[in-house]
$ cat coords_17.cif   # mmCIF, C-alpha atoms
data_work
#
loop_
_atom_site.group_PDB
_atom_site.id
_atom_site.type_symbol
_atom_site.label_atom_id
_atom_site.label_comp_id
_atom_site.auth_asym_id
_atom_site.auth_seq_id
_atom_site.Cartn_x
_atom_site.Cartn_y
_atom_site.Cartn_z
ATOM 1 C CA MET A 125 0.000 0.000 0.000
ATOM 2 C CA SER A 126 1.332 3.387 -0.953
ATOM 3 C CA THR A 127 1.557 6.150 1.610
ATOM 4 C CA ALA A 128 2.433 8.854 -0.870
ATOM 5 C CA SER A 129 1.747 12.302 0.498
ATOM 6 C CA ALA A 130 1.373 15.386 -1.622
ATOM 7 C CA GLY A 131 1.377 18.893 -0.300
ATOM 8 C CA PRO A 132 1.533 22.422 -1.572
ATOM 9 C CA ARG A 133 4.789 23.677 -3.033
ATOM 10 C CA SER A 134 4.305 26.694 -0.785
ATOM 11 C CA GLY A 135 1.406 27.537 1.457
ATOM 12 C CA TYR A 136 0.031 27.865 4.933
ATOM 13 C CA ALA A 137 -2.284 26.327 7.498
ATOM 14 C CA LEU A 138 -5.952 26.875 6.691
ATOM 15 C CA GLU A 139 -8.309 26.600 9.653
ATOM 16 C CA VAL A 140 -11.847 25.876 8.445
ATOM 17 C CA LEU A 141 -14.631 26.668 10.901
ATOM 18 C CA ARG A 142 -18.059 25.045 10.795
ATOM 19 C CA TYR A 143 -20.303 26.165 13.626
ATOM 20 C CA ASP A 144 -18.237 25.381 16.713
ATOM 21 C CA ARG A 145 -15.823 22.900 15.082
ATOM 22 C CA SER A 146 -12.534 23.638 13.418
ATOM 23 C CA THR A 147 -10.349 21.562 11.117
ATOM 24 C CA THR A 148 -6.917 22.537 9.859
ATOM 25 C CA LEU A 149 -5.754 21.791 6.317
ATOM 26 C CA CYS A 150 -2.444 22.500 4.622
ATOM 27 C CA TRP A 151 -3.324 24.717 1.642
ATOM 28 C CA GLY A 152 -1.279 26.488 -1.014
ATOM 29 C CA GLU A 153 0.135 26.448 -4.505
ATOM 30 C CA GLY A 154 0.705 23.061 -6.091
ATOM 31 C CA ALA A 155 3.434 22.047 -8.528
ATOM 32 C CA ASP A 156 1.222 23.014 -11.494
ATOM 33 C CA GLY A 157 0.503 26.487 -10.083
ATOM 34 C CA GLY A 158 -3.078 25.662 -9.046
ATOM 35 C CA ASP A 159 -4.264 25.732 -5.453
ATOM 36 C CA VAL A 160 -4.197 22.402 -3.602
ATOM 37 C CA VAL A 161 -4.573 20.894 -0.147
ATOM 38 C CA ALA A 162 -2.250 18.266 1.295
ATOM 39 C CA THR A 163 -3.315 14.703 0.626
ATOM 40 C CA ARG A 164 -2.223 11.144 1.228
ATOM 41 C CA ASP A 165 -3.365 8.411 -1.119
ATOM 42 C CA GLY A 166 -5.967 10.739 -2.608
ATOM 43 C CA ARG A 167 -7.502 11.722 0.746
ATOM 44 C CA VAL A 168 -7.312 15.162 2.340
ATOM 45 C CA LEU A 169 -4.993 15.356 5.336
ATOM 46 C CA THR A 170 -6.342 17.216 8.354
ATOM 47 C CA TRP A 171 -4.939 18.305 11.687
ATOM 48 C CA ALA A 172 -6.402 19.329 15.019
ATOM 49 C CA SER A 173 -4.493 22.606 15.047
ATOM 50 C CA PRO A 174 -2.272 24.811 12.905
ATOM 51 C CA GLU A 175 0.690 23.795 15.087
ATOM 52 C CA ASP A 176 0.102 20.113 14.233
ATOM 53 C CA CYS A 177 -0.062 21.097 10.539
ATOM 54 C CA PHE A 178 3.226 23.010 10.813
ATOM 55 C CA ALA A 179 4.937 20.028 12.446
ATOM 56 C CA ALA A 180 3.707 17.630 9.733
ATOM 57 C CA ALA A 181 4.737 20.052 6.974
ATOM 58 C CA ALA A 182 8.258 20.229 8.415
ATOM 59 C CA VAL A 183 8.531 16.418 8.365
ATOM 60 C CA GLU A 184 7.222 16.262 4.779
ATOM 61 C CA GLY A 185 9.420 19.124 3.585
ATOM 62 C CA TRP A 186 6.501 21.308 2.499
ATOM 63 C CA ASP A 187 7.240 25.029 2.409
ATOM 64 C CA VAL A 188 4.538 26.197 4.803
ATOM 65 C CA ALA A 189 4.696 29.573 6.526
ATOM 66 C CA HIS A 190 4.894 28.654 10.203
ATOM 67 C CA ASP A 191 3.666 32.026 11.331
ATOM 68 C CA GLU A 192 0.710 32.227 8.978
ATOM 69 C CA THR A 193 -2.686 30.689 9.592
ATOM 70 C CA THR A 194 -5.714 31.706 7.604
ATOM 71 C CA ARG A 195 -9.213 31.090 8.907
ATOM 72 C CA THR A 196 -12.351 30.685 6.875
ATOM 73 C CA ASP A 197 -15.779 30.314 8.420
ATOM 74 C CA LEU A 198 -18.273 28.252 6.436
ATOM 75 C CA THR A 199 -20.986 28.673 9.097
ATOM 76 C CA PRO A 200 -22.838 31.502 7.279
ATOM 77 C CA ALA A 201 -23.046 29.342 4.129
ATOM 78 C CA LEU A 202 -24.351 26.403 6.151
ATOM 79 C CA GLU A 203 -26.961 28.625 7.801
ATOM 80 C CA TRP A 204 -28.049 29.990 4.408
ATOM 81 C CA LEU A 205 -28.390 26.475 3.012
ATOM 82 C CA ALA A 206 -30.502 25.508 6.036
ATOM 83 C CA HIS A 207 -32.702 28.606 5.497
ATOM 84 C CA ARG A 208 -31.640 30.013 8.883
ATOM 85 C CA ARG A 209 -30.152 33.022 7.154
ATOM 86 C CA ARG A 210 -32.042 34.925 4.470
ATOM 87 C CA ALA A 211 -29.169 36.630 2.680
ATOM 88 C CA LEU A 212 -26.301 34.764 1.150
ATOM 89 C CA ASP A 213 -22.945 35.582 2.731
ATOM 90 C CA ALA A 214 -20.836 36.040 -0.408
ATOM 91 C CA GLU A 215 -17.533 35.490 1.381
ATOM 92 C CA ALA A 216 -18.578 32.194 2.983
ATOM 93 C CA ALA A 217 -20.115 30.989 -0.296
ATOM 94 C CA LEU A 218 -17.027 31.911 -2.322
ATOM 95 C CA HIS A 219 -14.715 30.276 0.220
ATOM 96 C CA ALA A 220 -16.801 27.079 0.206
ATOM 97 C CA TRP A 221 -16.886 26.990 -3.607
ATOM 98 C CA ASN A 222 -13.155 27.677 -4.046
ATOM 99 C CA LEU A 223 -12.080 25.308 -1.262
ATOM 100 C CA ALA A 224 -14.186 22.531 -2.777
ATOM 101 C CA GLY A 225 -12.516 23.156 -6.135
ATOM 102 C CA ASP A 226 -9.084 22.903 -4.493
ATOM 103 C CA ILE A 227 -10.092 19.699 -2.684
ATOM 104 C CA ALA A 228 -11.448 18.239 -5.932
ATOM 105 C CA ARG A 229 -8.246 19.125 -7.798
ATOM 106 C CA SER A 230 -6.118 17.611 -5.014
ATOM 107 C CA THR A 231 -8.078 14.355 -4.785
ATOM 108 C CA GLY A 232 -8.990 13.870 -8.439
ATOM 109 C CA THR A 233 -12.690 14.294 -7.658
ATOM 110 C CA PRO A 234 -14.876 15.709 -10.460
ATOM 111 C CA TRP A 235 -16.088 19.221 -9.651
ATOM 112 C CA GLY A 236 -17.710 20.576 -12.838
ATOM 113 C CA ASP A 237 -18.282 24.166 -11.798
ATOM 114 C CA ARG A 238 -18.069 25.826 -15.192
ATOM 115 C CA GLY A 239 -20.769 27.095 -17.506
ATOM 116 C CA ARG A 240 -22.665 30.275 -18.254
ATOM 117 C CA VAL A 241 -24.637 30.446 -14.994
ATOM 118 C CA ALA A 242 -21.765 29.056 -12.905
ATOM 119 C CA ASP A 243 -19.311 31.575 -14.315
ATOM 120 C CA ALA A 244 -21.737 34.468 -13.754
ATOM 121 C CA CYS A 245 -22.351 33.408 -10.146
ATOM 122 C CA HIS A 246 -18.649 32.942 -9.387
ATOM 123 C CA ARG A 247 -17.858 36.326 -10.936
ATOM 124 C CA LYS A 248 -20.564 38.047 -8.848
ATOM 125 C CA LEU A 249 -19.325 36.367 -5.657
ATOM 126 C CA THR A 250 -15.750 37.407 -6.436
ATOM 127 C CA VAL A 251 -16.727 41.020 -7.088
ATOM 128 C CA ALA A 252 -18.829 41.085 -3.915
ATOM 129 C CA CYS A 253 -15.779 39.933 -1.920
ATOM 130 C CA VAL A 254 -13.211 42.043 -3.790
ATOM 131 C CA PRO A 255 -15.131 45.018 -5.243
ATOM 132 C CA ARG A 256 -11.937 46.893 -6.102
ATOM 133 C CA LEU A 257 -11.542 44.439 -8.999
ATOM 134 C CA VAL A 258 -14.198 46.491 -10.762
ATOM 135 C CA GLY A 259 -13.243 49.852 -9.285
ATOM 136 C CA GLN A 260 -15.847 49.923 -6.522
ATOM 137 C CA ASP A 261 -15.667 50.220 -2.756
ATOM 138 C CA ASP A 262 -18.669 47.986 -2.144
ATOM 139 C CA CYS A 263 -20.789 45.622 -4.192
ATOM 140 C CA SER A 264 -23.951 43.752 -3.238
ATOM 141 C CA PRO A 265 -24.895 41.383 -6.039
ATOM 142 C CA ARG A 266 -28.457 40.828 -7.109
ATOM 143 C CA TRP A 267 -29.236 37.243 -7.929
ATOM 144 C CA THR A 268 -31.704 36.053 -10.529
ATOM 145 C CA VAL A 269 -33.941 33.145 -9.555
ATOM 146 C CA THR A 270 -31.823 30.881 -11.781
ATOM 147 C CA GLU A 271 -28.587 32.094 -10.167
ATOM 148 C CA GLU A 272 -29.888 31.674 -6.634
ATOM 149 C CA ARG A 273 -31.080 28.167 -7.451
ATOM 150 C CA TYR A 274 -27.673 27.361 -8.945
ATOM 151 C CA LEU A 275 -25.867 28.851 -5.927
ATOM 152 C CA ARG A 276 -27.857 26.660 -3.547
ATOM 153 C CA ARG A 277 -26.858 23.591 -5.557
ATOM 154 C CA ARG A 278 -23.218 24.630 -5.944
ATOM 155 C CA VAL A 279 -22.647 25.749 -2.345
ATOM 156 C CA GLY A 280 -24.483 22.627 -1.176
ATOM 157 C CA ALA A 281 -22.232 20.493 -3.370
ATOM 158 C CA ALA A 282 -19.171 22.303 -1.991
ATOM 159 C CA ILE A 283 -20.206 21.580 1.596
ATOM 160 C CA ALA A 284 -21.024 17.963 0.695
ATOM 161 C CA LEU A 285 -17.577 17.494 -0.865
ATOM 162 C CA PHE A 286 -15.941 19.047 2.211
ATOM 163 C CA ASP A 287 -17.991 16.718 4.440
ATOM 164 C CA GLN A 288 -17.094 13.695 2.338
ATOM 165 C CA GLN A 289 -13.392 14.447 2.296
ATOM 166 C CA VAL A 290 -12.841 16.080 5.684
ATOM 167 C CA VAL A 291 -15.594 16.180 8.310
ATOM 168 C CA GLY A 292 -16.082 13.153 10.502
ATOM 169 C CA ARG A 293 -12.884 11.409 9.467
ATOM 170 C CA ARG A 294 -10.075 10.739 11.891
ATOM 171 C CA ARG A 295 -7.278 13.236 11.691
ATOM 172 C CA GLN A 296 -4.267 11.895 9.829
ATOM 173 C CA ARG A 297 -0.631 12.717 10.050
ATOM 174 C CA PRO A 298 1.827 12.241 7.224
#
$ encode --input "coords_17.cif" --output "structure tokens"
Amino acid sequence: MSTASAGPRSGYALEVLRYDRSTTLCWGEGADGGDVVATRDGRVLTWASPEDCFAAAAVEGWDVAHDETTRTDLTPALEWLAHRRRALDAEAALHAWNLAGDIARSTGTPWGDRGRVADACHRKLTVACVPRLVGQDDCSPRWTVTEERYLRRRVGAAIALFDQQVVGRRRQRP
């Protein structure tokens, strides 16, 4: 059985929050220039804390900034999906979508998030989170019925992929 581990060429610890639980991943730029998370045998590696991630990265020889931890909270996206929050939190939705794409790329899991509606939704989320890209200080996107329906499916699929690959599994160490 292979125990091949793959990690980012350079990156940092990414602490993902879901309600009151946190999971740490090693995230960064992969050999091909795309964003990846650390894996072993096609499964996402997770740690209980950024410090545990740093220690594992040192053993594996991954160039991970030991003083840099980024946190992303998926809770607002989960609440929106559960209809406990009326307005979509663009930042949480974009983080869920992008993280799922990075997990899919890292594990070889199909993601299929391209197309006319998908591209329009991703662009609106990006501009809402980084309005200076279009020369604005603030941007609150308006969603068509079709876009909102798509976003519910896509963000739901992102959370499902995260759950499948990360949540509920035992933490692994390379």
$ resolve_selection --input "coords_17.cif" --expression "the PyMOL selection byres ((chain A and resi 205-215) around 9)" --output "ChimeraX atom specification"
/A:196-198,200-204,216-220,248-250,252-253,264-265,276,279-280
$ write_last_selection --input "coords_17.cif" --atoms "C-alpha atoms" --output "JSON list (two decimals), in the frame of the given file"
[["chain", "number", "residue", "atom", "x", "y", "z"],
["A", 196, "THR", "CA", -12.35, 30.68, 6.88],
["A", 197, "ASP", "CA", -15.78, 30.31, 8.42],
["A", 198, "LEU", "CA", -18.27, 28.25, 6.44],
["A", 200, "PRO", "CA", -22.84, 31.50, 7.28],
["A", 201, "ALA", "CA", -23.05, 29.34, 4.13],
["A", 202, "LEU", "CA", -24.35, 26.40, 6.15],
["A", 203, "GLU", "CA", -26.96, 28.62, 7.80],
["A", 204, "TRP", "CA", -28.05, 29.99, 4.41],
["A", 216, "ALA", "CA", -18.58, 32.19, 2.98],
["A", 217, "ALA", "CA", -20.11, 30.99, -0.30],
["A", 218, "LEU", "CA", -17.03, 31.91, -2.32],
["A", 219, "HIS", "CA", -14.72, 30.28, 0.22],
["A", 220, "ALA", "CA", -16.80, 27.08, 0.21],
["A", 248, "LYS", "CA", -20.56, 38.05, -8.85],
["A", 249, "LEU", "CA", -19.32, 36.37, -5.66],
["A", 250, "THR", "CA", -15.75, 37.41, -6.44],
["A", 252, "ALA", "CA", -18.83, 41.08, -3.92],
["A", 253, "CYS", "CA", -15.78, 39.93, -1.92],
["A", 264, "SER", "CA", -23.95, 43.75, -3.24],
["A", 265, "PRO", "CA", -24.90, 41.38, -6.04],
["A", 276, "ARG", "CA", -27.86, 26.66, -3.55],
["A", 279, "VAL", "CA", -22.65, 25.75, -2.35],
["A", 280, "GLY", "CA", -24.48, 22.63, -1.18]]
$ resolve_selection --input "coords_17.cif" --expression "the PyMOL selection byres ((chain A and resi 175-177) around 12)" --output "VMD selection string"
chain A and resid 131 135 to 139 147 to 151 161 to 162 169 to 174 178 to 193 295 to 298
$ atom_distance --input "coords_17.cif" --atom1 "atom CA of A:Val168" --atom2 "atom CA of A:Gln289"
6.1 Å
$ residues_around --input "coords_17.cif" --residues "A:Val291" --least-positions-apart "2" --cutoff "10 Å" --atoms "only C-alpha atoms" --output "list in words"
Arg142, Arg145, Ser146, Thr147, Thr170, Ile283, Ala284, Leu285, Phe286, Asp287, Gln288, Gln289, Arg293, Arg294 and Arg295 of chain A
$ closest_atom_pairs --input "coords_17.cif" --of "stretch 165-212 of chain A" --to "stretch 221-236 of chain A" --cutoff "9 Å" --atoms "all atoms listed in the file" --output "tab-separated table"
residue	atom	partner	partner_atom	distance
A:Asp165	CA	A:Thr231	CA	8.4
A:Gly166	CA	A:Thr231	CA	4.7
A:Arg167	CA	A:Thr231	CA	6.2
A:Val168	CA	A:Thr231	CA	7.2
$ closest_residue --input "coords_17.cif" --among "A:Arg278, A:Arg273, A:Thr194, A:Gly259" --to "A:His246" --atoms "all atoms listed in the file"
A:Arg278
$ build_atoms --input "coords_17.cif" --residues "stretch 215-240 of chain A" --atoms "N, CA, C and O atoms" --output "tab-separated table (two decimals), keeping the file's coordinate frame"
chain	number	residue	atom	x	y	z
A	215	GLU	N	-18.87	35.96	1.01
A	215	GLU	CA	-17.53	35.49	1.38
A	215	GLU	C	-17.54	34.01	1.76
A	215	GLU	O	-16.71	33.23	1.29
A	216	ALA	N	-18.49	33.60	2.59
A	216	ALA	CA	-18.58	32.19	2.98
A	216	ALA	C	-18.88	31.30	1.77
A	216	ALA	O	-18.31	30.22	1.63
A	217	ALA	N	-19.78	31.77	0.90
A	217	ALA	CA	-20.11	30.99	-0.30
A	217	ALA	C	-18.91	30.85	-1.22
A	217	ALA	O	-18.63	29.76	-1.74
A	218	LEU	N	-18.20	31.96	-1.45
A	218	LEU	CA	-17.03	31.91	-2.32
A	218	LEU	C	-15.94	31.03	-1.73
A	218	LEU	O	-15.32	30.23	-2.44
A	219	HIS	N	-15.73	31.13	-0.42
A	219	HIS	CA	-14.72	30.28	0.22
A	219	HIS	C	-15.09	28.80	0.10
A	219	HIS	O	-14.23	27.96	-0.20
A	220	ALA	N	-16.36	28.47	0.33
A	220	ALA	CA	-16.80	27.08	0.21
A	220	ALA	C	-16.59	26.58	-1.22
A	220	ALA	O	-16.06	25.48	-1.43
A	221	TRP	N	-17.00	27.37	-2.20
A	221	TRP	CA	-16.89	26.99	-3.61
A	221	TRP	C	-15.42	26.79	-3.99
A	221	TRP	O	-15.04	25.77	-4.57
A	222	ASN	N	-14.57	27.77	-3.66
A	222	ASN	CA	-13.16	27.68	-4.05
A	222	ASN	C	-12.44	26.55	-3.31
A	222	ASN	O	-11.62	25.84	-3.91
A	223	LEU	N	-12.72	26.38	-2.02
A	223	LEU	CA	-12.08	25.31	-1.26
A	223	LEU	C	-12.48	23.95	-1.83
A	223	LEU	O	-11.64	23.06	-1.97
A	224	ALA	N	-13.74	23.80	-2.18
A	224	ALA	CA	-14.19	22.53	-2.78
A	224	ALA	C	-13.46	22.27	-4.10
A	224	ALA	O	-13.06	21.14	-4.39
A	225	GLY	N	-13.27	23.32	-4.89
A	225	GLY	CA	-12.52	23.16	-6.14
A	225	GLY	C	-11.08	22.72	-5.88
A	225	GLY	O	-10.54	21.86	-6.59
A	226	ASP	N	-10.46	23.28	-4.84
A	226	ASP	CA	-9.08	22.90	-4.49
A	226	ASP	C	-9.03	21.47	-3.97
A	226	ASP	O	-8.10	20.71	-4.30
A	227	ILE	N	-10.02	21.08	-3.18
A	227	ILE	CA	-10.09	19.70	-2.68
A	227	ILE	C	-10.30	18.75	-3.85
A	227	ILE	O	-9.64	17.71	-3.95
A	228	ALA	N	-11.19	19.09	-4.76
A	228	ALA	CA	-11.45	18.24	-5.93
A	228	ALA	C	-10.18	18.08	-6.76
A	228	ALA	O	-9.83	16.96	-7.17
A	229	ARG	N	-9.48	19.18	-7.02
A	229	ARG	CA	-8.25	19.12	-7.80
A	229	ARG	C	-7.21	18.23	-7.09
A	229	ARG	O	-6.53	17.44	-7.73
A	230	SER	N	-7.12	18.34	-5.79
A	230	SER	CA	-6.12	17.61	-5.01
A	230	SER	C	-6.41	16.12	-4.93
A	230	SER	O	-5.49	15.31	-4.81
A	231	THR	N	-7.69	15.75	-4.96
A	231	THR	CA	-8.08	14.36	-4.78
A	231	THR	C	-8.50	13.68	-6.08
A	231	THR	O	-8.82	12.49	-6.08
A	232	GLY	N	-8.55	14.44	-7.17
A	232	GLY	CA	-8.99	13.87	-8.44
A	232	GLY	C	-10.50	13.66	-8.50
A	232	GLY	O	-10.99	12.86	-9.29
A	233	THR	N	-11.23	14.39	-7.69
A	233	THR	CA	-12.69	14.29	-7.66
A	233	THR	C	-13.29	15.25	-8.69
A	233	THR	O	-12.89	16.41	-8.75
A	234	PRO	N	-14.24	14.79	-9.51
A	234	PRO	CA	-14.88	15.71	-10.46
A	234	PRO	C	-15.56	16.86	-9.73
A	234	PRO	O	-16.18	16.66	-8.68
A	235	TRP	N	-15.48	18.06	-10.30
A	235	TRP	CA	-16.09	19.22	-9.65
A	235	TRP	C	-17.07	19.90	-10.60
A	235	TRP	O	-18.15	20.28	-10.18
A	236	GLY	N	-16.76	20.09	-11.84
A	236	GLY	CA	-17.71	20.58	-12.84
A	236	GLY	C	-18.42	21.86	-12.50
A	236	GLY	O	-19.65	21.91	-12.51
A	237	ASP	N	-17.67	22.89	-12.20
A	237	ASP	CA	-18.28	24.17	-11.80
A	237	ASP	C	-18.14	25.24	-12.86
A	237	ASP	O	-18.02	26.41	-12.55
A	238	ARG	N	-18.18	24.85	-14.10
A	238	ARG	CA	-18.07	25.83	-15.19
A	238	ARG	C	-19.34	25.83	-16.02
A	238	ARG	O	-20.06	24.85	-16.05
A	239	GLY	N	-19.59	26.93	-16.67
A	239	GLY	CA	-20.77	27.10	-17.51
A	239	GLY	C	-21.25	28.53	-17.40
A	239	GLY	O	-20.75	29.30	-16.57
A	240	ARG	N	-22.20	28.89	-18.21
A	240	ARG	CA	-22.66	30.28	-18.25
A	240	ARG	C	-23.17	30.76	-16.90
A	240	ARG	O	-22.73	31.79	-16.39
